[in-house]
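Q: Got data15.cif for you, mmCIF, C-alpha atoms:
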```cif
data_structure
#
loop_
_atom_site.label_atom_id
_atom_site.label_comp_id
_atom_site.auth_asym_id
_atom_site.auth_seq_id
_atom_site.Cartn_x
_atom_site.Cartn_y
_atom_site.Cartn_z
CA MET A 1 94.92 117.47 76.12
CA ALA A 2 98.25 117.23 74.34
CA VAL A 3 99.34 113.84 73.09
CA GLU A 4 102.88 112.97 74.12
CA ALA A 5 105.17 111.53 71.46
CA ARG A 6 106.16 107.99 72.24
CA THR A 7 109.77 106.86 72.11
CA PRO A 8 110.25 104.09 69.53
CA ASP A 9 110.50 100.68 71.16
CA PRO A 10 114.05 99.32 70.65
CA ASP A 11 112.82 95.74 71.14
CA ALA A 12 110.26 96.18 68.33
CA ARG A 13 112.98 97.50 66.02
CA TRP A 14 115.20 94.55 66.93
CA LEU A 15 112.41 92.04 66.23
CA ALA A 16 111.60 93.73 62.92
CA ALA A 17 115.27 93.55 61.88
CA VAL A 18 115.35 89.82 62.69
CA MET A 19 112.18 89.17 60.69
CA HIS A 20 113.41 91.17 57.69
CA THR A 21 116.71 89.29 57.73
CA ALA A 22 114.87 85.97 57.98
CA PHE A 23 112.65 86.90 55.02
CA PHE A 24 115.57 87.63 52.73
CA LEU A 25 117.44 84.53 53.86
CA LEU A 26 114.37 82.35 53.18
CA LEU A 27 113.75 84.07 49.84
CA GLY A 28 117.37 83.62 48.81
CA SER A 29 117.54 80.01 49.94
CA SER A 30 114.24 79.18 48.18
CA LEU A 31 115.51 80.72 44.93
CA ALA A 32 118.84 78.91 45.24
CA ARG A 33 117.06 75.59 45.92
CA PHE A 34 114.86 76.05 42.86
CA LEU A 35 117.80 76.90 40.58
CA LEU A 36 119.83 73.93 41.84
CA ARG A 37 117.03 71.41 41.54
CA HIS A 38 115.41 72.72 38.33
CA PRO A 39 118.16 73.94 36.00
CA GLY A 40 117.01 75.08 32.60
CA GLU A 41 113.32 75.12 33.51
CA PRO A 42 111.15 77.32 31.25
CA ARG A 43 109.66 79.00 34.33
CA THR A 44 113.09 79.97 35.71
CA PRO A 45 113.00 83.54 34.30
CA TRP A 46 109.58 84.05 35.89
CA ILE A 47 110.80 82.70 39.22
CA ILE A 48 113.84 85.00 39.19
CA ALA A 49 111.76 88.03 38.13
CA LEU A 50 109.09 87.40 40.76
CA SER A 51 111.76 86.86 43.46
CA VAL A 52 113.41 90.18 42.61
CA CYS A 53 110.02 91.89 42.51
CA LEU A 54 109.08 90.43 45.90
CA ALA A 55 112.41 91.53 47.39
CA LEU A 56 111.99 95.09 46.07
CA LEU A 57 108.42 95.26 47.35
CA TYR A 58 109.46 94.01 50.77
CA VAL A 59 112.30 96.53 51.01
CA SER A 60 109.86 99.40 50.37
CA GLY A 61 107.55 98.28 53.19
CA PRO A 62 109.30 99.88 56.26
CA ALA A 63 109.05 103.33 54.65
CA LEU A 64 105.25 103.04 54.85
CA GLY A 65 105.26 102.55 58.64
CA THR A 66 103.25 99.96 60.56
CA ARG A 67 99.87 101.68 60.79
CA PRO A 68 97.07 100.22 58.60
CA THR A 69 96.99 103.13 56.17
CA PRO A 70 95.62 102.63 52.62
CA HIS A 71 99.15 102.63 51.18
CA ARG A 72 100.34 100.10 53.74
CA LEU A 73 97.36 97.81 53.10
CA ALA A 74 97.83 98.04 49.32
CA TRP A 75 101.51 97.17 49.77
CA LEU A 76 100.65 94.15 51.95
CA VAL A 77 98.09 92.87 49.40
CA LEU A 78 100.64 93.21 46.60
CA VAL A 79 103.36 91.38 48.59
CA VAL A 80 101.01 88.52 49.42
CA ALA A 81 99.82 88.30 45.81
CA VAL A 82 103.37 88.11 44.40
CA TRP A 83 104.33 85.55 47.06
CA SER A 84 101.23 83.45 46.24
CA VAL A 85 102.17 83.35 42.55
CA LEU A 86 105.71 82.34 43.48
CA VAL A 87 104.43 79.53 45.71
CA SER A 88 102.17 78.26 42.96
CA LEU A 89 105.15 78.13 40.59
CA ALA A 90 107.70 76.88 43.14
CA PRO A 91 106.36 75.41 46.42
CA SER A 92 109.72 75.84 48.16
CA PHE A 93 108.96 79.59 48.49
CA ALA A 94 106.21 78.71 50.99
CA TRP A 95 108.53 79.17 53.99
CA CYS A 96 108.75 82.90 53.24
CA ALA A 97 105.30 83.00 54.84
CA VAL A 98 106.79 83.07 58.35
CA PRO A 99 108.03 86.70 58.14
CA LEU A 100 104.82 87.57 56.30
CA PHE A 101 102.87 86.31 59.35
CA TYR A 102 104.73 88.86 61.45
CA THR A 103 104.15 91.64 58.91
CA GLY A 104 100.40 90.96 58.78
CA LEU A 105 100.08 90.72 62.56
CA ARG A 106 101.88 94.06 62.99
CA THR A 107 99.87 95.85 60.29
CA LEU A 108 96.29 94.55 60.50
CA PRO A 109 93.71 94.48 63.31
CA PRO A 110 93.70 91.13 65.17
CA ARG A 111 90.77 89.52 63.29
CA ALA A 112 92.01 90.54 59.84
CA ALA A 113 95.55 89.50 60.79
CA LEU A 114 94.36 86.03 61.89
CA LEU A 115 92.41 85.65 58.63
CA LEU A 116 95.56 86.51 56.66
CA VAL A 117 97.59 84.00 58.70
CA ALA A 118 94.99 81.32 57.96
CA VAL A 119 95.19 82.04 54.21
CA LEU A 120 98.99 82.01 54.23
CA THR A 121 99.00 78.78 56.24
CA ALA A 122 96.67 77.14 53.73
CA PHE A 123 99.09 78.09 50.94
CA VAL A 124 102.00 76.65 52.96
CA VAL A 125 100.18 73.34 53.60
CA THR A 126 99.17 73.03 49.93
CA ALA A 127 102.68 73.82 48.75
CA GLN A 128 104.33 71.36 51.15
CA VAL A 129 101.97 68.51 50.24
CA GLN A 130 102.57 69.28 46.56
CA LEU A 131 106.32 69.35 47.14
CA ALA A 132 106.29 66.05 49.01
CA GLY A 133 104.18 64.39 46.35
CA ARG A 134 102.27 62.35 48.91
CA PHE A 135 99.89 62.82 51.85
CA ASP A 136 101.69 63.41 55.14
CA PRO A 137 99.79 64.19 58.40
CA ASP A 138 102.76 66.20 59.66
CA LEU A 139 102.68 68.45 56.61
CA LEU A 140 98.92 68.88 57.07
CA LEU A 141 98.89 69.64 60.81
CA ALA A 142 102.31 71.05 61.70
CA PRO A 143 102.12 74.36 59.76
CA PRO A 144 98.70 75.30 61.23
CA ALA A 145 99.93 74.39 64.73
CA TRP A 146 103.06 76.50 64.38
CA ALA A 147 101.06 79.38 62.86
CA ALA A 148 98.53 79.24 65.71
CA VAL A 149 101.25 79.23 68.38
CA ALA A 150 103.19 82.07 66.75
CA SER A 151 100.05 84.17 66.27
CA ALA A 152 98.84 83.59 69.84
CA VAL A 153 102.23 84.50 71.33
CA PHE A 154 102.54 87.60 69.17
CA LEU A 155 99.03 88.86 69.96
CA TYR A 156 99.53 88.14 73.66
CA MET A 157 102.78 90.12 73.70
CA GLN A 158 101.10 92.97 71.83
CA ARG A 159 98.30 93.15 74.40
CA GLN A 160 100.79 92.96 77.26
CA ALA A 161 102.75 95.81 75.71
CA ALA A 162 99.55 97.85 75.35
CA ARG A 163 98.68 97.23 79.01
CA GLN A 164 102.18 98.25 80.06
CA ARG A 165 101.90 101.46 78.05
CA GLU A 166 98.58 102.22 79.75
CA LEU A 167 100.12 101.56 83.16
CA ILE A 168 103.08 103.78 82.35
CA ASP A 169 100.74 106.53 81.15
CA ASP A 170 98.72 106.21 84.36
CA LEU A 171 101.91 106.31 86.42
CA LEU A 172 103.18 109.40 84.64
CA ARG A 173 99.79 111.11 85.00
CA THR A 174 99.65 110.19 88.70
CA ARG A 175 103.18 111.45 89.22
CA ARG A 176 102.33 114.77 87.58
CA GLU A 177 99.19 115.09 89.73
CA LEU A 178 101.18 114.19 92.86
CA ALA A 179 103.84 116.77 92.02
CA ALA A 180 101.16 119.42 91.50
CA THR A 181 99.52 118.46 94.82
CA GLU A 182 102.86 118.63 96.63
CA ARG A 183 103.51 122.05 95.14
CA ARG A 184 100.10 123.27 96.31
CA GLU A 185 100.60 121.80 99.78
CA GLY A 186 104.09 123.29 99.95
CA THR A 187 102.72 126.69 99.01
CA LEU A 188 99.99 126.48 101.66
CA ALA A 189 102.48 125.28 104.30
CA GLU A 190 104.87 128.11 103.46
CA ARG A 191 102.02 130.61 103.57
CA GLN A 192 100.98 129.33 106.99
CA ARG A 193 104.56 129.43 108.24
CA LEU A 194 104.98 133.01 107.10
CA SER A 195 101.69 134.02 108.69
CA MET A 196 102.84 132.56 112.03
CA GLU A 197 106.24 134.22 111.74
CA ILE A 198 104.63 137.60 111.04
CA HIS A 199 102.11 137.11 113.86
CA ASP A 200 104.78 136.17 116.41
CA THR A 201 107.11 139.05 115.52
CA LEU A 202 105.90 142.00 113.48
CA ALA A 203 102.24 141.84 114.44
CA GLN A 204 102.99 141.48 118.15
CA GLY A 205 105.57 144.25 117.98
CA LEU A 206 103.10 146.57 116.29
CA SER A 207 100.45 145.71 118.87
CA SER A 208 102.86 146.50 121.72
CA GLN A 209 103.87 149.75 120.08
CA GLN A 210 100.23 150.74 119.71
CA MET A 211 99.56 150.06 123.40
CA LEU A 212 102.67 151.98 124.50
CA LEU A 213 101.97 154.97 122.29
CA GLN A 214 98.35 155.09 123.44
CA ALA A 215 99.55 155.02 127.05
CA ALA A 216 102.11 157.75 126.29
CA ASP A 217 99.43 159.89 124.71
CA ARG A 218 97.25 159.60 127.82
CA LEU A 219 100.16 160.48 130.15
CA TRP A 220 101.85 163.12 128.05
CA ASP A 221 100.38 166.09 129.94
CA THR A 222 100.17 164.59 133.45
CA ASP A 223 103.38 162.51 133.57
CA PRO A 224 105.75 163.50 130.72
CA ALA A 225 108.64 161.40 132.07
CA LYS A 226 106.62 158.18 132.06
CA ALA A 227 105.16 159.04 128.65
CA ARG A 228 108.68 159.47 127.24
CA ALA A 229 109.66 156.13 128.78
CA HIS A 230 106.77 154.52 126.92
CA VAL A 231 107.92 156.17 123.69
CA ARG A 232 111.51 154.91 124.22
CA THR A 233 110.19 151.40 124.84
CA ALA A 234 108.12 151.61 121.67
CA GLU A 235 111.24 152.76 119.83
CA SER A 236 113.20 149.73 121.05
CA ILE A 237 110.35 147.44 119.94
CA THR A 238 110.41 149.14 116.54
CA GLU A 239 114.15 148.51 116.28
CA ARG A 240 113.65 144.84 117.14
CA GLY A 241 110.79 144.57 114.60
CA LEU A 242 112.98 146.12 111.93
CA ALA A 243 115.68 143.54 112.67
CA ASP A 244 113.12 140.75 112.37
CA ALA A 245 111.81 142.16 109.10
CA ARG A 246 115.33 142.22 107.68
CA ARG A 247 115.83 138.67 108.91
CA PHE A 248 112.69 137.59 107.03
CA VAL A 249 114.22 138.86 103.83
CA HIS A 250 117.32 136.72 104.39
CA ASP A 251 116.41 133.40 105.98
CA LEU A 252 113.45 133.87 108.37
CA ALA A 253 115.59 132.91 111.38
CA PRO A 254 114.81 134.83 114.60
CA ALA A 255 117.14 137.79 115.08
CA ASP A 256 117.90 136.74 118.70
CA LEU A 257 119.19 133.33 117.57
CA ALA A 258 121.26 134.93 114.82
CA ASP A 259 123.29 136.75 117.49
CA GLY A 260 125.07 133.47 118.32
CA GLY A 261 124.07 133.03 121.95
CA GLY A 262 121.77 130.06 121.37
CA LEU A 263 118.24 129.51 122.59
CA THR A 264 119.06 130.03 126.29
CA GLU A 265 120.46 133.52 125.73
CA ALA A 266 117.67 134.34 123.28
CA LEU A 267 115.01 133.44 125.86
CA ARG A 268 116.86 135.37 128.56
CA ALA A 269 116.98 138.45 126.31
CA LEU A 270 113.28 137.98 125.52
CA ALA A 271 112.43 137.91 129.24
CA ARG A 272 114.36 141.13 129.83
CA ARG A 273 112.75 142.81 126.86
CA GLU A 274 109.21 141.83 127.88
CA SER A 275 109.62 142.97 131.50
CA ASP A 276 108.29 146.39 132.38
CA ALA A 277 106.38 148.14 135.11
CA THR A 278 103.22 146.10 134.50
CA LEU A 279 104.69 142.64 133.81
CA SER A 280 107.77 141.00 135.29
CA VAL A 281 109.16 138.09 133.23
CA ARG A 282 111.73 135.70 134.67
CA PHE A 283 113.77 133.07 132.85
CA HIS A 284 115.21 129.86 134.22
CA ALA A 285 117.11 127.05 132.46
CA GLU A 286 117.51 123.50 133.71
CA GLY A 287 119.59 120.61 132.47
CA THR A 288 122.87 120.43 130.58
CA PRO A 289 123.00 122.91 127.70
CA VAL A 290 123.34 121.19 124.32
CA PRO A 291 123.24 122.61 120.80
CA LEU A 292 119.69 122.42 119.47
CA PRO A 293 118.69 122.06 115.81
CA ASP A 294 117.93 125.41 114.20
CA ARG A 295 114.31 124.44 113.58
CA VAL A 296 113.78 123.50 117.24
CA GLY A 297 115.44 126.64 118.59
CA SER A 298 113.54 128.89 116.20
CA ALA A 299 110.20 127.22 116.98
CA LEU A 300 110.66 127.41 120.77
CA LEU A 301 111.66 131.07 120.63
CA ARG A 302 108.61 131.89 118.50
CA ILE A 303 106.42 129.88 120.88
CA ALA A 304 107.78 131.87 123.84
CA GLN A 305 107.16 135.14 122.03
CA GLY A 306 103.60 134.15 121.16
CA ALA A 307 102.86 132.90 124.67
CA LEU A 308 104.16 136.11 126.30
CA ALA A 309 102.15 138.18 123.84
CA ASN A 310 99.03 136.28 124.94
CA VAL A 311 99.96 136.85 128.60
CA ARG A 312 100.36 140.58 128.04
CA GLU A 313 97.23 141.05 125.95
CA HIS A 314 94.78 138.66 127.62
CA ALA A 315 95.94 137.36 131.02
CA HIS A 316 96.26 140.67 132.95
CA ALA A 317 99.16 139.04 134.77
CA THR A 318 101.84 140.76 136.84
CA THR A 319 104.48 138.03 136.65
CA ALA A 320 105.40 135.37 134.11
CA ALA A 321 108.09 132.73 134.05
CA LEU A 322 109.91 131.08 131.17
CA THR A 323 111.51 127.73 131.99
CA LEU A 324 113.66 125.80 129.49
CA THR A 325 114.39 122.20 130.49
CA LEU A 326 116.82 119.98 128.57
CA LEU A 327 116.19 116.30 129.28
CA GLY A 328 118.53 114.65 126.80
CA ASP A 329 115.88 113.09 124.57
CA GLN A 330 113.58 116.10 124.58
CA VAL A 331 113.42 119.79 125.32
CA VAL A 332 110.56 121.34 127.30
CA LEU A 333 109.50 124.98 127.40
CA ASP A 334 107.10 126.11 130.15
CA VAL A 335 105.43 129.51 130.17
CA ALA A 336 103.56 130.25 133.42
CA ASP A 337 101.70 133.38 134.53
CA ASP A 338 99.63 134.51 137.51
CA GLY A 339 96.89 136.03 135.37
CA ARG A 340 93.16 135.55 135.39
CA GLY A 341 93.33 132.15 133.67
CA PHE A 342 90.68 130.56 131.48
CA THR A 343 89.06 127.25 130.71
CA PRO A 344 90.97 125.76 127.78
CA PRO A 345 89.24 123.33 125.42
CA GLY A 346 90.00 119.84 126.77
CA ALA A 347 91.66 121.36 129.83
CA GLY A 348 94.73 119.41 130.91
CA GLU A 349 94.50 117.29 127.78
CA ARG A 350 97.72 116.50 125.92
CA VAL A 351 97.66 117.50 122.26
CA ALA A 352 100.23 115.74 120.09
CA GLY A 353 100.73 115.24 116.39
CA GLU A 354 97.81 117.50 115.56
CA PRO A 355 97.70 118.85 112.02
CA ALA A 356 98.67 122.43 111.49
CA ALA A 357 95.92 124.24 113.29
CA GLY A 358 95.31 127.93 113.01
CA ALA A 359 95.27 127.72 109.24
CA SER A 360 91.76 126.49 108.66
CA ALA A 361 89.52 128.32 106.29
CA ALA A 362 87.57 129.77 109.16
CA GLY A 363 90.50 130.37 111.48
CA VAL A 364 92.86 132.73 109.75
CA ARG A 365 92.60 135.07 112.73
CA GLY A 366 93.50 134.18 116.29
CA HIS A 367 96.96 132.77 115.64
CA GLY A 368 98.06 132.60 119.31
CA LEU A 369 97.43 129.12 120.69
CA PRO A 370 96.72 127.51 117.30
CA ALA A 371 100.11 128.75 116.02
CA ILE A 372 101.86 127.39 119.12
CA ARG A 373 100.14 124.03 118.70
CA ALA A 374 101.02 123.97 114.99
CA ARG A 375 104.70 124.73 115.63
CA ALA A 376 104.93 121.92 118.19
CA ALA A 377 103.13 119.46 115.92
CA GLN A 378 105.40 120.23 112.96
CA LEU A 379 108.37 119.03 115.03
CA GLY A 380 106.57 115.96 116.44
CA GLY A 381 106.06 117.72 119.76
CA ALA A 382 103.16 118.11 122.15
CA LEU A 383 101.34 120.99 123.79
CA THR A 384 99.79 120.89 127.26
CA ILE A 385 97.71 123.75 128.69
CA GLU A 386 96.76 123.85 132.36
CA SER A 387 94.55 126.71 133.45
CA ALA A 388 91.45 127.63 135.37
CA PRO A 389 89.63 130.93 135.88
CA GLY A 390 91.44 133.00 138.50
CA GLU A 391 94.37 130.56 138.87
CA GLY A 392 96.74 131.57 136.11
CA THR A 393 97.96 129.48 133.20
CA VAL A 394 100.82 127.08 132.54
CA LEU A 395 101.61 126.35 128.91
CA SER A 396 104.06 123.50 128.31
CA VAL A 397 105.59 122.46 124.99
CA SER A 398 107.79 119.37 124.71
CA ILE A 399 109.73 118.56 121.53
CA PRO A 400 111.65 115.30 121.03
CA LEU A 401 115.31 115.48 120.10
CA GLU A 402 117.20 113.16 117.78
CA PRO A 403 119.71 111.04 119.73
CA ALA A 404 123.30 112.12 119.26
CA SER A 405 125.13 109.85 116.81
#
```
Could you write out this file's structure as structure tokens?

A:
Amino acid sequence: MAVEARTPDPDARWLAAVMHTAFFLLLGSSLARFLLRHPGEPRTPWIIALSVCLALLYVSGPALGTRPTPHRLAWLVLVVAVWSVLVSLAPSFAWCAVPLFYTGLRTLPPRAALLLVAVLTAFVVTAQVQLAGRFDPDLLLAPPAWAAVASAVFLYMQRQAARQRELIDDLLRTRRELAATERREGTLAERQRLSMEIHDTLAQGLSSQQMLLQAADRLWDTDPAKARAHVRTAESITERGLADARRFVHDLAPADLADGGGLTEALRALARRESDATLSVRFHAEGTPVPLPDRVGSALLRIAQGALANVREHAHATTAALTLTLLGDQVVLDVADDGRGFTPPGAGERVAGEPAAGASAAGVRGHGLPAIRARAAQLGGALTIESAPGEGTVLSVSIPLEPAS
């Protein structure tokens, strides 16, 4: 698994800059204090040389990074050693320990860092008592208290930052997994949608053509006129299938809706096209015509095509009726036939909000009713099937409409 590069923390850089500035200010003020209070001291050249050496060492530290590498640890030991010598020669340099606390806490593991803070604090207490020339409880207790508070706050903030980084990493990983899941689900949904589109148009057209051509072949010698009529009908179905196939390439919208007449005219044209000598299909519209969303119109037209295909292939009906009812807040499509009927699962039961059926692992075939139910469910609609053996079938699909703004 690849490790992602982390963006440098601007707050950490800001804090480091403050600490570095504080170190040089304390070093400079300590040197100035010593020179003002101890002019002409024999140790002055040593104090100045050690101060310059400590400054140069400290400046070279950021180039070594913050990780506890051997070079970084050697540098930290050398800085602390030079500072310790300075404190032993001039106790006023003890306050330079504060930035060194921060450097040790950033570089070392927590236990080693706390040990270093304790050593530095002991040097500070010793130097301050020596500088005061007398025993003072404040000088004995205040530096350890301040060191403990500063160390605890720093370590707490470090752990909080580590937890936040872990949470951010988990969030990014979860977001990537969610995006991958959504892509997979989108691919499956698109695959299912295409399978239903192909079933409701091309597959049904090919099935009708096969039936017509088989009938024409049987009648070719005995009734040539009727056989040619079957061939012409098959030709018209082929033309319609070709138009649908071209529509798939562009935007998958039904060709009938693309003609501009709306769902009512598309269903009327479908009824005329599906009517022949064996099946008479009527269409009736109720309610005030209103423009329907493209998704709703497309779904209802595909549902009507699938339902009529089922009527033709399975119901052995002689008449069928398409009824489109506009009720303001919903649109209802009824498909009724006088065929042999059947006993539907959960007969008369209302099916709403069901997940996309017809696309289960075991149900790739048999797209008729499952595809109708899936189309209705995708739009928040409901499917009702009323049927009984020998009494025909009524299929009703209702889809809610968004209120006009």

Q: Find, counting all atoms listed in the file, the residue in A:Arg13, A:Arg373, A:Arg159, A:Arg302 that gets nearest to Asp244 of chain A.

A: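 Closest to Asp244 of chain A of all the choices is A:Arg302.
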
Q: Once the PyMOL selection byres ((chain A and resi 317-328) around 8) has been evaluated on this model, what residues remain selected, and can you format them as a PyMOL selection string?

A: chain A and resi 264+267+271+278-290+304+308+311-312+315-316+329-340+392+401

Q: Could you name the residues that touch Val79 of chain A at 8 Å or less, counting all atoms listed in the file, but leaving out those on the same chain fewer than 5 positions away, as a list of chain:residue names?

A: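 Here the qualifying residues turn out to be A:Leu54, A:Leu57, A:Tyr58.
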
Q: For atom CA of Thr21 of chain A and atom CA of Val80 of chain A, quote the distance in Å rounded to one decimal.

A: 17.8 Å

Q: Leaving out Ala234 of chain A and any residue of its chain fewer than 4 positions from it, which residues lie within 8 Å of it when counting all atoms listed in the file, given as a list in words?

A: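 The filter keeps Ser208, Gln209, Leu212, Leu213, His230 and Thr238 of chain A.
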
Q: Any idea what the distance is between atom CA of Ala203 of chain A and atom CA of Gly241 of chain A?

A: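 Between these atoms lies a distance of 9.0 Å.
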
Q: So which residues get picked by the PyMOL selection byres ((chain A and resi 301) around 9) here, written as a list in words?

A: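 After applying the PyMOL selection byres ((chain A and resi 301) around 9), what remains is Pro254, Asp256, Leu257, Leu263, Ala266, Leu267, Leu270, Val296, Gly297, Ser298, Ala299, Leu300, Arg302, Ile303, Ala304, Gln305 and Gly306 of chain A.
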
Q: Report, in Å with one decimal, the straight-line distance from atom CA of Glu177 of chain A to atom CA of Ala162 of chain A.

A: 22.5 Å

Q: Once the PyMOL selection byres ((chain A and resi 90) around 12) is applied to the coordinates I shared, what remains selected? I want it as a ChimeraX atom specification.

A: /A:27,30-35,37-38,41,43-44,46-48,50-51,83-89,91-96,123-124,126-128,130-131

Q: Would you give the centre and edge lengths, in Å to one decimal, of a box along x, y and z around the listed atoms of segment 288-302 of chain A, with 6 Å added to each side, as AutoDock Vina command-line options?

A:
```
--center_x 116.0 --center_y 126.2 --center_z 122.1 --size_x 26.7 --size_y 23.5 --size_z 29.0
```

Q: My list of candidates is A:Ala16, A:Ala225, A:Ala152, A:Leu120. Which is closest to Arg106 of chain A when distances are computed with only C-alpha atoms?

A: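 Of all the options, A:Ala16 lies closest to Arg106 of chain A.
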
Q: Counting only C-alpha atoms, which of A:Glu313, A:Ile385, A:Gln214, A:Pro143 gets nearest to Val119 of chain A?

A: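 Of all the options, A:Pro143 lies closest to Val119 of chain A.
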
Q: Using only C-alpha atoms, determine which residues lie at most 12 Å from Ala17 of chain A, disregarding the query and same-chain residues fewer than 3 positions distant; provide the list as number ranges by chain.

A: A: 10-14, 20-24, 59, 62, 99, 102-103

Q: For segment 158-179 of chain A, which lacks atoms in the input, supply N, CA and C atoms and format the output as a PDB file, keeping the file's coordinate frame.

A:
```pdb
ATOM      1  N   GLN A 158     101.606  91.642  72.202  1.00  0.00           N
ATOM      2  CA  GLN A 158     101.100  92.970  71.830  1.00  0.00           C
ATOM      3  C   GLN A 158     100.158  93.527  72.888  1.00  0.00           C
ATOM      4  N   ARG A 159      99.253  92.682  73.380  1.00  0.00           N
ATOM      5  CA  ARG A 159      98.300  93.150  74.400  1.00  0.00           C
ATOM      6  C   ARG A 159      99.020  93.469  75.699  1.00  0.00           C
ATOM      7  N   GLN A 160     100.016  92.660  76.056  1.00  0.00           N
ATOM      8  CA  GLN A 160     100.790  92.960  77.260  1.00  0.00           C
ATOM      9  C   GLN A 160     101.508  94.300  77.123  1.00  0.00           C
ATOM     10  N   ALA A 161     102.074  94.533  75.936  1.00  0.00           N
ATOM     11  CA  ALA A 161     102.750  95.810  75.710  1.00  0.00           C
ATOM     12  C   ALA A 161     101.778  96.973  75.802  1.00  0.00           C
ATOM     13  N   ALA A 162     100.559  96.784  75.268  1.00  0.00           N
ATOM     14  CA  ALA A 162      99.550  97.850  75.350  1.00  0.00           C
ATOM     15  C   ALA A 162      99.169  98.123  76.801  1.00  0.00           C
ATOM     16  N   ARG A 163      99.008  97.031  77.586  1.00  0.00           N
ATOM     17  CA  ARG A 163      98.680  97.230  79.010  1.00  0.00           C
ATOM     18  C   ARG A 163      99.819  97.947  79.736  1.00  0.00           C
ATOM     19  N   GLN A 164     101.050  97.586  79.427  1.00  0.00           N
ATOM     20  CA  GLN A 164     102.180  98.250  80.060  1.00  0.00           C
ATOM     21  C   GLN A 164     102.228  99.728  79.698  1.00  0.00           C
ATOM     22  N   ARG A 165     101.932 100.041  78.437  1.00  0.00           N
ATOM     23  CA  ARG A 165     101.900 101.460  78.050  1.00  0.00           C
ATOM     24  C   ARG A 165     100.820 102.213  78.809  1.00  0.00           C
ATOM     25  N   GLU A 166      99.653 101.577  78.981  1.00  0.00           N
ATOM     26  CA  GLU A 166      98.580 102.220  79.750  1.00  0.00           C
ATOM     27  C   GLU A 166      98.999 102.437  81.203  1.00  0.00           C
ATOM     28  N   LEU A 167      99.657 101.419  81.776  1.00  0.00           N
ATOM     29  CA  LEU A 167     100.120 101.560  83.160  1.00  0.00           C
ATOM     30  C   LEU A 167     101.161 102.665  83.288  1.00  0.00           C
ATOM     31  N   ILE A 168     102.062 102.732  82.315  1.00  0.00           N
ATOM     32  CA  ILE A 168     103.080 103.780  82.350  1.00  0.00           C
ATOM     33  C   ILE A 168     102.436 105.153  82.208  1.00  0.00           C
ATOM     34  N   ASP A 169     101.457 105.252  81.299  1.00  0.00           N
ATOM     35  CA  ASP A 169     100.740 106.530  81.150  1.00  0.00           C
ATOM     36  C   ASP A 169     100.034 106.919  82.443  1.00  0.00           C
ATOM     37  N   ASP A 170      99.385 105.930  83.088  1.00  0.00           N
ATOM     38  CA  ASP A 170      98.720 106.210  84.360  1.00  0.00           C
ATOM     39  C   ASP A 170      99.727 106.634  85.415  1.00  0.00           C
ATOM     40  N   LEU A 171     100.878 105.961  85.437  1.00  0.00           N
ATOM     41  CA  LEU A 171     101.910 106.310  86.420  1.00  0.00           C
ATOM     42  C   LEU A 171     102.437 107.714  86.194  1.00  0.00           C
ATOM     43  N   LEU A 172     102.696 108.054  84.938  1.00  0.00           N
ATOM     44  CA  LEU A 172     103.180 109.400  84.640  1.00  0.00           C
ATOM     45  C   LEU A 172     102.138 110.452  84.992  1.00  0.00           C
ATOM     46  N   ARG A 173     100.859 110.160  84.678  1.00  0.00           N
ATOM     47  CA  ARG A 173      99.790 111.110  85.000  1.00  0.00           C
ATOM     48  C   ARG A 173      99.665 111.269  86.516  1.00  0.00           C
ATOM     49  N   THR A 174      99.735 110.128  87.236  1.00  0.00           N
ATOM     50  CA  THR A 174      99.650 110.190  88.700  1.00  0.00           C
ATOM     51  C   THR A 174     100.821 110.956  89.286  1.00  0.00           C
ATOM     52  N   ARG A 175     102.005 110.738  88.712  1.00  0.00           N
ATOM     53  CA  ARG A 175     103.180 111.450  89.220  1.00  0.00           C
ATOM     54  C   ARG A 175     103.056 112.948  89.006  1.00  0.00           C
ATOM     55  N   ARG A 176     102.526 113.331  87.821  1.00  0.00           N
ATOM     56  CA  ARG A 176     102.330 114.770  87.580  1.00  0.00           C
ATOM     57  C   ARG A 176     101.302 115.358  88.553  1.00  0.00           C
ATOM     58  N   GLU A 177     100.207 114.600  88.788  1.00  0.00           N
ATOM     59  CA  GLU A 177      99.190 115.090  89.730  1.00  0.00           C
ATOM     60  C   GLU A 177      99.755 115.177  91.139  1.00  0.00           C
ATOM     61  N   LEU A 178     100.578 114.170  91.530  1.00  0.00           N
ATOM     62  CA  LEU A 178     101.180 114.190  92.860  1.00  0.00           C
ATOM     63  C   LEU A 178     102.134 115.370  93.009  1.00  0.00           C
ATOM     64  N   ALA A 179     102.918 115.625  91.965  1.00  0.00           N
ATOM     65  CA  ALA A 179     103.840 116.770  92.020  1.00  0.00           C
ATOM     66  C   ALA A 179     103.072 118.078  92.153  1.00  0.00           C
TER      67      ALA A 179
END
```
